[in-house]
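*Asks:* This is upload_12.txt, which holds compact mmCIF, C-alpha atoms:
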# COMPACT_ATOMS: atom_id res chain seq x y z
CA MET A 800 -4.97 36.05 25.19
CA ASN A 801 -2.12 34.77 27.36
CA PRO A 802 0.51 32.38 25.91
CA ASP A 803 -0.70 29.41 27.97
CA SER A 804 -4.25 29.60 26.62
CA GLY A 805 -2.89 30.00 23.06
CA ARG A 806 -0.74 26.92 23.52
CA SER A 807 -3.68 24.93 24.89
CA ILE A 808 -5.80 25.91 21.85
CA LYS A 809 -3.03 24.76 19.50
CA GLY A 810 -2.74 21.54 21.50
CA SER A 811 -6.47 20.93 21.34
CA ILE A 812 -6.51 21.55 17.56
CA ILE A 813 -3.91 18.89 16.93
CA TYR A 814 -5.67 16.46 19.27
CA ILE A 815 -8.99 17.04 17.52
CA LEU A 816 -7.43 16.62 14.06
CA VAL A 817 -5.64 13.41 15.06
CA ILE A 818 -8.79 11.99 16.70
CA VAL A 819 -10.89 12.84 13.64
CA SER A 820 -8.24 11.27 11.38
CA ILE A 821 -8.03 8.13 13.50
CA SER A 822 -11.82 7.87 13.41
CA PHE A 823 -11.49 7.70 9.60
CA LEU A 824 -9.47 4.51 10.05
CA THR A 825 -12.45 2.84 11.69
CA ILE A 826 -14.82 3.52 8.80
CA PRO A 827 -15.62 0.32 6.84
CA ALA A 828 -13.77 -0.11 3.53
CA SER A 829 -17.00 -0.13 1.52
CA ILE A 830 -17.80 3.41 2.69
CA THR A 831 -14.25 4.75 2.33
CA ASN A 832 -14.00 3.30 -1.19
CA ASN A 833 -17.19 5.17 -2.08
CA ILE A 834 -15.73 8.37 -0.63
CA LYS A 835 -12.51 7.90 -2.63
CA VAL A 836 -14.34 7.24 -5.88
CA THR A 837 -16.75 10.13 -5.31
CA VAL A 838 -13.87 12.54 -4.71
CA ALA A 839 -11.83 11.20 -7.63
CA SER A 840 -14.70 11.01 -10.15
CA PRO A 841 -14.90 14.75 -11.01
CA LEU A 842 -11.19 14.67 -11.83
CA ALA A 843 -11.48 11.61 -14.07
CA PRO A 844 -12.15 13.54 -17.34
CA VAL A 845 -9.17 15.83 -16.66
CA GLN A 846 -7.01 12.83 -15.77
CA LYS A 847 -8.07 11.14 -19.00
CA ILE A 848 -7.12 14.18 -21.10
CA ILE A 849 -3.74 14.56 -19.36
CA THR A 850 -2.97 10.83 -19.64
CA GLN A 851 -3.97 10.68 -23.31
CA THR A 852 -1.90 13.77 -24.08
CA SER A 853 1.14 12.45 -22.21
CA ASP A 854 0.73 9.04 -23.89
CA PHE A 855 0.56 10.76 -27.26
CA PHE A 856 3.79 12.65 -26.63
CA ARG A 857 5.44 9.62 -25.06
CA ASN A 858 4.60 7.47 -28.06
CA GLY A 859 5.79 10.24 -30.37
CA PHE A 860 9.13 10.51 -28.59
CA LYS A 861 9.44 6.74 -28.57
CA LYS A 862 8.95 6.60 -32.32
CA LEU A 863 11.38 9.46 -32.91
CA ALA A 864 13.98 7.86 -30.71
CA SER A 865 13.76 4.61 -32.56
CA ALA A 866 16.72 4.26 -34.89
CA THR A 867 15.29 1.68 -37.24
CA SER A 868 12.54 2.34 -39.72
CA ASN A 869 10.79 -0.87 -38.76
CA ALA A 870 10.19 0.21 -35.20
CA GLN A 871 6.45 0.41 -35.60
CA LYS A 872 6.31 -2.94 -37.33
CA ASN A 873 8.40 -4.47 -34.58
CA GLU A 874 6.13 -3.02 -31.93
CA GLU A 875 3.06 -4.48 -33.62
CA MET A 876 4.76 -7.84 -33.97
CA GLU A 877 5.85 -7.75 -30.33
CA LYS A 878 2.28 -7.10 -29.32
CA GLU A 879 1.11 -9.96 -31.50
CA VAL A 880 3.75 -12.31 -30.10
CA PHE A 881 2.83 -11.20 -26.57
CA LEU A 882 -0.83 -12.04 -27.17
CA LEU A 883 -0.04 -15.32 -28.90
CA LYS A 884 2.31 -16.41 -26.12
CA ASN A 885 -0.38 -15.65 -23.56
CA LYS A 886 -2.86 -17.66 -25.59
CA ILE A 887 -0.44 -20.55 -25.82
CA VAL A 888 0.10 -20.52 -22.05
CA LYS A 889 -3.63 -20.45 -21.48
CA GLN A 890 -4.13 -23.29 -23.94
CA GLN A 891 -1.31 -25.30 -22.37
CA ASP A 892 -2.93 -24.84 -19.00
CA ASP A 893 -6.31 -25.82 -20.43
CA ILE A 894 -4.76 -28.93 -21.93
CA ASN A 895 -3.25 -29.86 -18.58
CA VAL A 896 -6.56 -29.41 -16.86
CA TYR A 897 -8.40 -31.38 -19.51
CA ARG A 898 -5.87 -34.20 -19.42
CA GLN A 899 -6.22 -34.55 -15.68
CA LYS A 900 -9.99 -34.52 -15.90
CA LEU A 901 -9.93 -37.12 -18.67
CA GLU A 902 -8.03 -39.44 -16.42
CA ILE A 903 -10.77 -39.22 -13.82
CA VAL A 904 -13.93 -38.91 -15.89
CA SER A 905 -14.65 -39.72 -19.48
CA LYS A 906 -15.96 -36.35 -20.51
CA PHE A 907 -15.51 -32.77 -19.43
CA LYS A 908 -16.99 -29.41 -20.02
CA LYS A 909 -15.00 -26.95 -22.01
CA HIS A 910 -14.45 -23.58 -20.37
CA ASN A 911 -13.13 -20.43 -21.87
CA TYR A 912 -13.97 -16.75 -21.89
CA SER A 913 -14.92 -16.40 -25.53
CA ASP A 914 -18.62 -15.88 -24.76
CA GLU A 915 -17.90 -13.08 -22.37
CA LYS A 916 -18.01 -9.49 -23.42
CA PRO A 917 -15.14 -7.80 -21.65
CA ILE A 918 -15.22 -4.05 -21.23
CA ILE A 919 -12.30 -2.14 -22.71
CA ALA A 920 -11.00 0.45 -20.26
CA ASP A 921 -8.41 3.20 -20.59
CA ILE A 922 -5.91 3.71 -17.79
CA ILE A 923 -6.40 7.31 -16.69
CA GLY A 924 -4.43 7.49 -13.46
CA TYR A 925 -2.03 5.79 -11.10
CA ASP A 926 -1.64 5.49 -7.34
CA VAL A 927 -0.04 8.49 -5.62
CA SER A 928 1.72 6.34 -3.03
CA ASN A 929 5.10 4.74 -3.63
CA PHE A 930 4.12 1.73 -1.55
CA ARG A 931 0.78 0.91 -3.10
CA LYS A 932 0.09 -0.17 -6.67
CA SER A 933 -3.27 0.65 -8.17
CA ILE A 934 -4.60 2.27 -11.31
CA ILE A 935 -7.68 4.32 -12.12
CA ILE A 936 -9.69 3.26 -15.18
CA ASP A 937 -12.39 5.13 -17.06
CA VAL A 938 -14.96 2.38 -16.60
CA GLY A 939 -17.59 2.38 -13.87
CA THR A 940 -21.04 1.09 -13.09
CA LYS A 941 -22.40 3.07 -16.03
CA GLN A 942 -20.44 0.85 -18.41
CA GLY A 943 -21.45 -2.30 -16.56
CA ALA A 944 -18.42 -2.92 -14.36
CA SER A 945 -18.82 -3.80 -10.71
CA LEU A 946 -16.79 -4.31 -7.56
CA ASP A 947 -14.31 -7.24 -7.61
CA ASP A 948 -14.43 -7.57 -11.40
CA ILE A 949 -11.21 -8.98 -12.84
CA VAL A 950 -8.93 -6.83 -14.97
CA VAL A 951 -6.75 -8.49 -17.62
CA PHE A 952 -4.55 -7.55 -20.55
CA GLY A 953 -4.30 -10.07 -23.36
CA ASN A 954 -5.26 -13.06 -21.16
CA ALA A 955 -2.71 -12.03 -18.53
CA LEU A 956 -3.89 -10.99 -15.07
CA VAL A 957 -3.59 -7.31 -14.14
CA GLY A 958 -5.67 -6.98 -10.96
CA ARG A 959 -9.09 -6.60 -9.42
CA ILE A 960 -11.49 -3.66 -9.09
CA SER A 961 -11.42 -2.48 -5.47
CA ALA A 962 -13.61 0.61 -5.73
CA ILE A 963 -16.11 1.56 -8.35
CA GLY A 964 -17.86 4.79 -9.18
CA ARG A 965 -20.30 5.76 -11.89
CA SER A 966 -17.75 6.38 -14.59
CA SER A 967 -14.42 5.41 -13.06
CA GLY A 968 -12.95 2.66 -10.96
CA ARG A 969 -9.85 1.78 -9.00
CA VAL A 970 -7.97 -1.44 -9.75
CA VAL A 971 -5.64 -3.04 -7.20
CA LEU A 972 -2.77 -4.50 -9.19
CA ILE A 973 -1.21 -7.90 -8.51
CA THR A 974 2.00 -6.00 -7.65
CA ASP A 975 0.30 -4.28 -4.69
CA PRO A 976 1.74 -5.56 -1.36
CA ALA A 977 -1.78 -6.23 -0.09
CA SER A 978 -2.74 -8.28 -3.15
CA ASN A 979 -2.82 -12.07 -2.92
CA VAL A 980 -3.50 -14.23 -5.96
CA PRO A 981 -3.87 -18.01 -5.49
CA SER A 982 -1.67 -19.43 -8.25
CA ARG A 983 0.08 -22.53 -9.49
CA PHE A 984 3.01 -23.43 -11.69
CA LEU A 985 1.96 -24.25 -15.22
CA GLN A 986 3.97 -27.46 -15.53
CA SER A 987 4.37 -28.89 -12.03
CA ARG A 988 0.90 -27.72 -10.86
CA THR A 989 2.35 -26.82 -7.46
CA GLN A 990 0.22 -24.22 -5.75
CA GLY A 991 1.21 -21.07 -3.95
CA MET A 992 0.20 -17.51 -3.29
CA VAL A 993 1.46 -14.66 -5.45
CA GLN A 994 1.92 -11.46 -3.48
CA GLY A 995 3.02 -8.00 -4.64
CA THR A 996 6.12 -6.23 -3.37
CA ALA A 997 5.45 -2.66 -4.59
CA ASP A 998 8.66 -2.61 -6.64
CA GLY A 999 7.06 -3.94 -9.79
CA THR A 1000 7.71 -7.60 -9.01
CA CYS A 1001 5.86 -10.25 -7.04
CA ILE A 1002 6.84 -13.11 -4.78
CA MET A 1003 5.32 -16.57 -4.65
CA LYS A 1004 4.79 -17.80 -1.14
CA TYR A 1005 4.13 -21.18 0.43
CA VAL A 1006 5.89 -23.29 -2.22
CA PRO A 1007 7.41 -26.31 -0.40
CA ARG A 1008 11.20 -26.50 -0.37
CA GLN A 1009 11.31 -29.93 -2.03
CA THR A 1010 9.51 -28.62 -5.13
CA GLU A 1011 11.75 -28.24 -8.14
CA ILE A 1012 11.43 -24.74 -9.56
CA ASN A 1013 13.47 -23.30 -12.39
CA GLU A 1014 13.91 -19.81 -13.74
CA PHE A 1015 11.38 -18.78 -16.39
CA ASP A 1016 8.80 -21.28 -15.11
CA ARG A 1017 5.37 -19.91 -15.85
CA ILE A 1018 2.74 -19.18 -13.25
CA VAL A 1019 -1.01 -19.06 -13.79
CA SER A 1020 -3.89 -18.26 -11.47
CA SER A 1021 -5.32 -21.36 -9.80
CA GLY A 1022 -8.86 -20.07 -9.31
CA ILE A 1023 -8.92 -21.29 -5.71
CA GLY A 1024 -11.13 -19.14 -3.54
CA GLY A 1025 -13.07 -17.78 -6.49
CA ALA A 1026 -11.66 -14.26 -6.32
CA PHE A 1027 -9.74 -14.75 -9.57
CA PRO A 1028 -10.60 -17.05 -12.49
CA LYS A 1029 -8.22 -19.90 -13.20
CA SER A 1030 -5.62 -20.20 -16.00
CA LEU A 1031 -4.79 -16.52 -16.34
CA TYR A 1032 -1.10 -15.90 -16.98
CA VAL A 1033 0.37 -14.20 -13.89
CA GLY A 1034 4.12 -14.09 -14.55
CA ASP A 1035 7.46 -15.87 -14.88
CA VAL A 1036 9.93 -16.96 -12.23
CA ILE A 1037 13.05 -14.79 -12.29
CA GLU A 1038 14.79 -15.85 -9.10
CA VAL A 1039 14.62 -18.86 -6.76
CA LYS A 1040 16.26 -18.89 -3.35
CA GLN A 1041 16.37 -21.60 -0.73
CA LYS A 1042 17.54 -20.79 2.76
CA ASN A 1043 18.59 -23.75 4.89
CA ALA A 1044 16.08 -23.53 7.70
CA LYS A 1045 13.09 -22.34 5.75
CA LEU A 1046 10.17 -24.58 4.93
CA PHE A 1047 9.27 -22.70 1.79
CA LYS A 1048 11.20 -21.40 -1.18
CA ASP A 1049 11.68 -17.67 -1.87
CA ILE A 1050 10.48 -17.20 -5.41
CA LYS A 1051 10.59 -13.88 -7.20
CA ILE A 1052 8.24 -13.34 -10.12
CA LYS A 1053 8.19 -10.88 -12.96
CA PRO A 1054 4.55 -10.07 -13.73
CA ARG A 1055 3.50 -10.81 -17.28
CA VAL A 1056 2.01 -7.35 -17.72
CA ALA A 1057 4.23 -4.30 -17.18
CA ILE A 1058 1.62 -1.77 -16.22
CA SER A 1059 3.73 1.21 -17.22
CA LYS A 1060 3.83 -0.01 -20.81
CA ILE A 1061 0.12 -0.42 -21.43
CA GLU A 1062 -2.67 2.10 -21.94
CA HIS A 1063 -5.75 -0.11 -22.03
CA VAL A 1064 -7.03 -3.07 -20.04
CA LEU A 1065 -10.01 -5.42 -20.23
CA VAL A 1066 -12.54 -5.77 -17.44
CA ILE A 1067 -14.06 -9.23 -17.13
CA LYS A 1068 -17.38 -9.06 -15.38
CA LYS A 1069 -17.61 -10.93 -12.11
CA GLN A 1070 -20.98 -12.50 -13.00
CA SER A 1071 -19.49 -14.28 -15.99
CA VAL A 1072 -16.55 -15.51 -13.95
CA GLU A 1073 -18.92 -16.77 -11.28
CA SER A 1074 -21.09 -18.49 -13.85
CA ILE A 1075 -18.05 -20.45 -15.06
CA PHE A 1076 -17.39 -21.68 -11.54
CA GLU A 1077 -21.06 -22.50 -11.01
CA SER A 1078 -21.24 -24.46 -14.25
CA GLU A 1079 -18.09 -26.34 -13.32
CA ALA A 1080 -19.40 -27.08 -9.85
CA SER A 1081 -22.71 -28.38 -11.19
CA TYR A 1082 -20.83 -30.49 -13.72
CA GLN A 1083 -18.60 -32.05 -11.10
CA MET B 821 -2.47 31.40 2.77
CA PRO B 822 -6.06 31.47 1.64
CA TRP B 823 -7.94 28.24 1.29
CA PHE B 824 -8.70 28.54 -2.41
CA ALA B 825 -4.97 28.69 -3.15
CA ILE B 826 -4.30 25.64 -0.99
CA ILE B 827 -7.15 23.68 -2.59
CA SER B 828 -5.97 24.69 -6.08
CA VAL B 829 -2.44 23.49 -5.38
CA ILE B 830 -3.74 20.24 -3.88
CA LEU B 831 -5.88 19.61 -6.98
CA CYS B 832 -2.96 20.33 -9.31
CA ILE B 833 -0.66 18.09 -7.29
CA SER B 834 -3.25 15.29 -7.28
CA LEU B 835 -3.64 15.50 -11.05
CA ILE B 836 0.10 15.59 -11.73
CA GLN B 837 0.83 12.82 -9.24
CA THR B 838 -1.84 10.48 -10.65
CA THR B 839 -1.00 11.03 -14.30
CA LEU B 840 2.42 12.40 -15.27
CA LEU B 841 4.77 11.37 -12.48
CA GLN B 842 4.27 7.69 -13.23
CA HIS B 843 6.18 8.23 -16.47
CA ILE B 844 9.22 9.86 -14.84
CA ASN B 845 9.75 7.36 -12.08
CA VAL B 846 13.26 6.14 -11.34
CA LEU B 847 13.68 2.52 -10.19
CA GLY B 848 9.91 2.42 -9.74
CA ILE B 849 10.00 5.40 -7.41
CA GLN B 850 8.14 8.61 -8.08
CA PRO B 851 8.55 11.87 -6.17
CA ASP B 852 5.90 12.61 -3.57
CA LEU B 853 4.58 16.10 -4.27
CA PHE B 854 2.20 15.90 -1.32
CA ILE B 855 5.11 15.62 1.12
CA ILE B 856 6.97 18.47 -0.58
CA PHE B 857 3.90 20.69 -0.39
CA LEU B 858 3.46 19.74 3.27
CA VAL B 859 7.04 20.82 4.03
CA PHE B 860 6.62 24.03 2.02
CA HIS B 861 3.39 24.86 3.81
CA SER B 862 4.62 23.98 7.28
CA LEU B 863 7.75 26.11 6.85
CA ASN B 864 5.76 29.11 5.61
CA SER B 865 2.56 29.16 7.65
CA LYS B 866 1.45 29.63 11.21
CA LEU B 867 0.87 26.51 13.26
CA GLU B 868 -2.96 26.57 13.27
CA ARG B 869 -3.27 27.15 9.54
CA SER B 870 -0.53 24.67 8.88
CA LEU B 871 -2.31 21.94 10.87
CA HIS B 872 -5.56 22.43 8.96
CA ALA B 873 -3.75 22.49 5.60
CA ASN B 874 -1.69 19.39 6.43
CA TRP B 875 -4.87 17.59 7.39
CA THR B 876 -6.40 18.52 4.04
CA ILE B 877 -3.27 17.46 2.09
CA GLY B 878 -3.28 14.10 3.88
CA LEU B 879 -6.97 13.65 3.18
CA ALA B 880 -6.36 14.36 -0.52
CA LYS B 881 -3.57 11.79 -0.60
CA ASP B 882 -5.88 9.24 1.04
CA CYS B 883 -8.50 9.88 -1.63
CA PHE B 884 -6.07 9.11 -4.45
CA SER B 885 -4.34 6.17 -2.87
CA GLU B 886 -5.22 2.55 -2.23
CA GLY B 887 -5.30 1.38 1.37
CA LEU B 888 -6.56 2.50 4.74
CA PHE B 889 -8.52 5.72 4.51
CA GLY B 890 -7.25 8.21 7.07
CA LEU B 891 -3.74 6.80 7.48
CA ASN B 892 -2.09 9.55 5.44
CA THR B 893 -4.25 12.15 7.17
CA VAL B 894 -3.00 11.11 10.61
CA LEU B 895 0.61 10.91 9.49
CA PHE B 896 0.53 14.26 7.68
CA VAL B 897 -0.83 16.00 10.77
CA ILE B 898 1.91 14.42 12.90
CA VAL B 899 4.86 15.13 10.59
CA GLY B 900 3.52 18.62 9.79
CA TYR B 901 3.35 19.31 13.52
CA MET B 902 6.98 18.18 13.85
CA ILE B 903 8.10 20.77 11.29
CA SER B 904 6.00 23.48 12.90
CA MET B 905 7.64 22.73 16.25
CA ILE B 906 11.20 23.13 14.94
CA LYS B 907 10.68 25.79 12.31
CA ASP B 908 11.31 28.68 14.72
CA ASN B 909 14.73 27.24 15.53
CA ILE B 910 15.86 26.76 11.94
CA TYR B 911 16.37 29.12 9.04
CA GLY B 912 13.48 27.86 6.89
CA ARG B 913 14.06 30.26 4.01
CA HIS B 914 17.38 28.74 3.03
CA LEU B 915 17.36 26.13 0.30
CA ALA B 916 19.61 23.77 2.24
CA THR B 917 17.17 23.81 5.15
CA GLN B 918 14.25 23.13 2.85
CA ILE B 919 16.05 20.21 1.21
CA SER B 920 17.16 18.77 4.56
CA ALA B 921 13.68 19.15 6.05
CA THR B 922 12.11 17.42 3.04
CA PHE B 923 14.63 14.57 3.26
CA LEU B 924 14.07 14.03 6.97
CA ILE B 925 10.30 14.34 6.81
CA SER B 926 10.14 11.95 3.84
CA ILE B 927 12.13 9.37 5.79
CA ILE B 928 10.02 9.77 8.94
CA TYR B 929 6.73 9.71 7.04
CA ASN B 930 7.66 6.64 4.97
CA PHE B 931 8.85 4.70 8.00
CA LEU B 932 5.70 5.59 9.94
CA TYR B 933 3.59 4.59 6.94
CA LEU B 934 5.37 1.25 6.64
CA PHE B 935 5.04 0.65 10.37
CA MET B 936 1.28 1.15 10.14
CA PHE B 937 1.18 -0.90 6.94
CA SER B 938 3.00 -3.80 8.60
CA ILE B 939 0.37 -3.81 11.33
CA SER B 940 -2.41 -3.97 8.73
CA PHE B 941 -0.78 -6.54 6.44
CA THR B 942 1.57 -8.72 8.46
CA SER B 943 2.29 -11.07 5.58
CA ALA B 944 3.57 -8.40 3.22
CA GLY B 945 7.28 -8.42 2.37
CA LEU B 946 8.46 -5.28 4.12
CA LEU B 947 12.19 -5.34 3.44
CA PRO B 948 12.06 -4.19 -0.21
CA MET B 949 9.74 -1.38 0.82
CA VAL B 950 11.97 -0.30 3.72
CA LEU B 951 14.92 -0.13 1.31
CA LYS B 952 12.91 2.20 -0.90
CA CYS B 953 12.50 4.82 1.85
CA PRO B 954 15.93 6.52 1.50
CA LEU B 955 15.60 6.54 -2.29
CA ILE B 956 12.19 8.21 -2.09
CA ALA B 957 13.60 10.79 0.33
CA ILE B 958 16.54 11.53 -2.00
CA TYR B 959 14.25 11.87 -5.00
CA ASN B 960 11.93 14.20 -3.06
CA SER B 961 14.90 16.30 -1.94
CA ILE B 962 16.25 16.60 -5.47
CA ILE B 963 13.07 18.12 -6.83
CA VAL B 964 12.57 20.49 -3.89
CA PRO B 965 14.24 23.55 -5.55
CA PRO B 966 12.03 23.67 -8.67
CA VAL B 967 8.86 22.76 -6.78
CA PHE B 968 9.48 25.36 -4.04
CA TRP B 969 10.30 27.94 -6.71
CA LEU B 970 7.06 27.17 -8.56
CA LEU B 971 5.00 27.30 -5.37
CA ASN B 972 6.61 30.62 -4.41
CA ARG B 973 5.87 32.00 -7.87
CA PHE B 974 2.29 30.77 -7.67
CA TYR B 975 1.63 32.41 -4.30
CA SER B 976 3.47 35.59 -5.29
CA SER B 977 1.38 35.91 -8.46
CA PHE B 978 -1.73 35.96 -6.29
CA GLY B 979 -0.17 38.83 -4.38
CA PHE B 980 0.45 37.47 -0.93
CA PRO B 981 3.19 39.76 0.36
CA SER B 982 3.58 38.04 3.71
CA LEU B 983 4.44 34.74 2.07
CA ARG B 984 6.75 36.39 -0.47
CA ARG B 985 8.73 38.00 2.32
CA ARG B 986 8.89 34.79 4.24
CA THR B 987 9.98 32.52 1.46
CA ARG B 988 12.40 34.69 -0.44
Write out the structure in this file as C-alpha cells.
*Replies:*
Amino acid sequence: MNPDSGRSIKGSIIYILVIVSISFLTIPASITNNIKVTVASPLAPVQKIITQTSDFFRNGFKKLASATSNAQKNEEMEKEVFLLKNKIVKQQDDINVYRQKLEIVSKFKKHNYSDEKPIIADIIGYDVSNFRKSIIIDVGTKQGASLDDIVVFGNALVGRISAIGRSSGRVVLITDPASNVPSRFLQSRTQGMVQGTADGTCIMKYVPRQTEINEFDRIVSSGIGGAFPKSLYVGDVIEVKQKNAKLFKDIKIKPRVAISKIEHVLVIKKQSVESIFESEASYQ
Amino acid sequence: MPWFAIISVILCISLIQTTLLQHINVLGIQPDLFIIFLVFHSLNSKLERSLHANWTIGLAKDCFSEGLFGLNTVLFVIVGYMISMIKDNIYGRHLATQISATFLISIIYNFLYLFMFSISFTSAGLLPMVLKCPLIAIYNSIIVPPVFWLLNRFYSSFGFPSLRRRTR
C-alpha cells in the first residue's frame, strides 16, 4: 500500500466518524434519552452499590471529624429545621395566594400535595460533564415514575426527570444551564425565570430594574407554564446587581437544596401535579 | 490495544466519574477522566485505532451526560485527531508532555463544547462556564501522573509489550 492511499484511508475514517457523530445530533431527544437510559441502566445497580458505600464512608468520616459529641443531634435538628423552614415558606406562599384570591372571590379551593404519594428515590449517580448538572436516581417506570415528573427534597425544588428507564431515571437539576424554572419572589410576587449556571448557583432573569430586591429574599416556583408546580421553594437571593443601561436586574440565587449534601429525593408524579392545575382551572 | 481492555477502562471510568468524583470536586469542578483517557490513548495508539477508540469514549461520555447526544462524540474525534497529528513530533512518553497535552486538549475541548452549547442554548450565562475552563484543565493536568500510571499498570498486567515499551 503506498503512503497516499494509506493517508486517504485515514482521512476517510475520520470523515466517516465525524459524519456518523454529527448524524447523532439530529436524532430526536426522545430517542437519544432512551438510548442513554438503556445504556446506563445495566450500570445502575453497580452505581447504587458504589454510591451507598461511598456515602457510608463519607458519613463515617464526617462523624469522626466532628469534634462535639452532639454532632449527630445537631445534624438531625438541622434537617428538622430545614424541613420546617421549607414548610413555613410554602405555607407563607399559600397564605399569600389565598389572601389574593379572597380579595377577588369569596371562597377558594385549598391545594396542597398531602394526598399525593411521592416516590422516594436514592441518588445513584451524577453527571460526568462539568458544564451540565443532572443526577441519576434509582426510580424508573417500574416504580411508577414518568418523564417530566418533578423531583423535590423537603418541599424544595430539585429538578425534573428528563429521561426515564425501567428502573432508573435522569433528573435535570435547576442548576443546569439549560434549565428554566418560572418563579416569583415570595413577598413582592414579582415574576422571573430561574436559570442554572453550572457552578452550583442560579440566576433570576427578567426581573425589572425598578423592582426592589434584597439579599436573602426567598424565591418560589410560580407554576406558570405547567412544567413545575407552584409554591415550591427554589432558593434565596445572595447577590443583586444593577448595571446602568440594563433593563433587568442581575440576581444571583443560592438553591435551597445543595445536591451534594443529600442522598435521597422525592419524585412527585406528573399526573397528580396536572390534576391540581386542572382542578384549579375548573374552579376558576 | 484490544477492544475488551478499552471497553473495560471506559466502563470503570464511567462508574467512577458518575459516583465517586462528585465527592472530590474542588470549587464545583471534577476531573474529567474521559479526556485523560483520550489523551493517554491518542499518545499510545496508532491513528486508526485511536480514532475508533476516541469515538467510543465520546459516545460513552454522551451516554452518561445530559445534553445533545453526539456532541461529545464529535468533539472527542476532533481533539483525538489533533493529538494523533502532533504526536510524532513530540516526545509523548515524557510526563511533562503528557501533562501539557492534557492541559491543552482540556482547554480546546471545553471551549469547543461551550461554543456548541452556546449555539444550542443562547440564553445560558456563558461567562461563569468559560471561567471554569482553565480550572478544569489544571485539575485534569494535576491528576494525569497517577491516572497514566494506573492505566500503564493495567495494560501491562494484561501483557501488552508494545504498549509497555511505548509508555515507559
*Asks:* Choose the residue, out of A:Ile1037, A:Ile935, A:Leu1046, A:Val1056, that has the smallest atom-to-atom separation from Thr839 of chain B; count all atoms listed in the file.
*Replies:*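 Using all atoms listed in the file, the shortest distance to Thr839 of chain B belongs to A:Ile935.
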*Asks:* Excluding segment 816-828 of chain A and residues on its chain fewer than 6 positions from it, collect all residues at most 12 Å away from it, counting only C-alpha atoms, and give them as number ranges by chain.
*Replies:* A: 809-810, 834-836, 961-962; B: 868, 870-876, 878-879, 882-883, 886-901, 936, 940
*Asks:* Go ahead and write the residues just picked, C-alpha atoms, as a PDB file, in the frame of the given file.
*Replies:*
ATOM      1  CA  LYS A 809      -3.030  24.760  19.500  1.00  0.00           C
ATOM      2  CA  GLY A 810      -2.740  21.540  21.500  1.00  0.00           C
ATOM      3  CA  ILE A 834     -15.730   8.370  -0.630  1.00  0.00           C
ATOM      4  CA  LYS A 835     -12.510   7.900  -2.630  1.00  0.00           C
ATOM      5  CA  VAL A 836     -14.340   7.240  -5.880  1.00  0.00           C
ATOM      6  CA  SER A 961     -11.420  -2.480  -5.470  1.00  0.00           C
ATOM      7  CA  ALA A 962     -13.610   0.610  -5.730  1.00  0.00           C
TER       8      ALA A 962
ATOM      9  CA  GLU B 868      -2.960  26.570  13.270  1.00  0.00           C
ATOM     10  CA  SER B 870      -0.530  24.670   8.880  1.00  0.00           C
ATOM     11  CA  LEU B 871      -2.310  21.940  10.870  1.00  0.00           C
ATOM     12  CA  HIS B 872      -5.560  22.430   8.960  1.00  0.00           C
ATOM     13  CA  ALA B 873      -3.750  22.490   5.600  1.00  0.00           C
ATOM     14  CA  ASN B 874      -1.690  19.390   6.430  1.00  0.00           C
ATOM     15  CA  TRP B 875      -4.870  17.590   7.390  1.00  0.00           C
ATOM     16  CA  THR B 876      -6.400  18.520   4.040  1.00  0.00           C
ATOM     17  CA  GLY B 878      -3.280  14.100   3.880  1.00  0.00           C
ATOM     18  CA  LEU B 879      -6.970  13.650   3.180  1.00  0.00           C
ATOM     19  CA  ASP B 882      -5.880   9.240   1.040  1.00  0.00           C
ATOM     20  CA  CYS B 883      -8.500   9.880  -1.630  1.00  0.00           C
ATOM     21  CA  GLU B 886      -5.220   2.550  -2.230  1.00  0.00           C
ATOM     22  CA  GLY B 887      -5.300   1.380   1.370  1.00  0.00           C
ATOM     23  CA  LEU B 888      -6.560   2.500   4.740  1.00  0.00           C
ATOM     24  CA  PHE B 889      -8.520   5.720   4.510  1.00  0.00           C
ATOM     25  CA  GLY B 890      -7.250   8.210   7.070  1.00  0.00           C
ATOM     26  CA  LEU B 891      -3.740   6.800   7.480  1.00  0.00           C
ATOM     27  CA  ASN B 892      -2.090   9.550   5.440  1.00  0.00           C
ATOM     28  CA  THR B 893      -4.250  12.150   7.170  1.00  0.00           C
ATOM     29  CA  VAL B 894      -3.000  11.110  10.610  1.00  0.00           C
ATOM     30  CA  LEU B 895       0.610  10.910   9.490  1.00  0.00           C
ATOM     31  CA  PHE B 896       0.530  14.260   7.680  1.00  0.00           C
ATOM     32  CA  VAL B 897      -0.830  16.000  10.770  1.00  0.00           C
ATOM     33  CA  ILE B 898       1.910  14.420  12.900  1.00  0.00           C
ATOM     34  CA  VAL B 899       4.860  15.130  10.590  1.00  0.00           C
ATOM     35  CA  GLY B 900       3.520  18.620   9.790  1.00  0.00           C
ATOM     36  CA  TYR B 901       3.350  19.310  13.520  1.00  0.00           C
ATOM     37  CA  MET B 936       1.280   1.150  10.140  1.00  0.00           C
ATOM     38  CA  SER B 940      -2.410  -3.970   8.730  1.00  0.00           C
TER      39      SER B 940
END
*Asks:* In terms of the shortest atom-to-atom distance over all atoms listed in the file, which of B:Phe931, B:Tyr911, B:Phe923, B:Trp823 is closest to chain A?
*Replies:*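 The shortest atom-to-atom distance to chain A comes from B:Phe931.
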*Asks:* Give me, as an MDAnalysis selection string, the residues of chain A touching chain B, with the criterion being at most 8 Å (counting all atoms listed in the file).
*Replies:* chainID A and resid 809 812:813 816:817 820:824 826 828 831 834:836 838:839 842 845:846 849:850 853 923:933 971 976:977 994:999 1059
*Asks:* Which one is closest to Lys1029 of chain A: A:Met876, A:Val1066, A:Ile960, A:Ile949? Count only C-alpha atoms.
*Replies:*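 Closest to Lys1029 of chain A of all the choices is A:Ile949.
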*Asks:* Measure the distance from atom CA of Leu915 of chain B to atom CA of Phe857 of chain B in Å and round it to one decimal.
*Replies:*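 Interatomic distance here is 14.5 Å.
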*Asks:* Can you measure atom CA of Leu972 of chain A to atom CA of Gly958 of chain A for me? One decimal in Å is fine.
*Replies:*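 Result for atom CA of Leu972 of chain A versus atom CA of Gly958 of chain A: 4.2 Å, one decimal.
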*Asks:* For segment 946-972 of chain A against segment 886-897 of chain A, with a cut-off of 12 Å and counting only C-alpha atoms, what is the closest atom pair and its distance in Å to one decimal for every residue that makes the cut, ordered by chain and number, as JSON lines?
*Replies:*
{"residue": "A:Phe952", "atom": "CA", "partner": "A:Lys886", "partner_atom": "CA", "distance": 11.4}
{"residue": "A:Gly953", "atom": "CA", "partner": "A:Lys886", "partner_atom": "CA", "distance": 8.0}
{"residue": "A:Asn954", "atom": "CA", "partner": "A:Lys886", "partner_atom": "CA", "distance": 6.8}
{"residue": "A:Ala955", "atom": "CA", "partner": "A:Lys889", "partner_atom": "CA", "distance": 9.0}
{"residue": "A:Leu956", "atom": "CA", "partner": "A:Lys889", "partner_atom": "CA", "distance": 11.4}
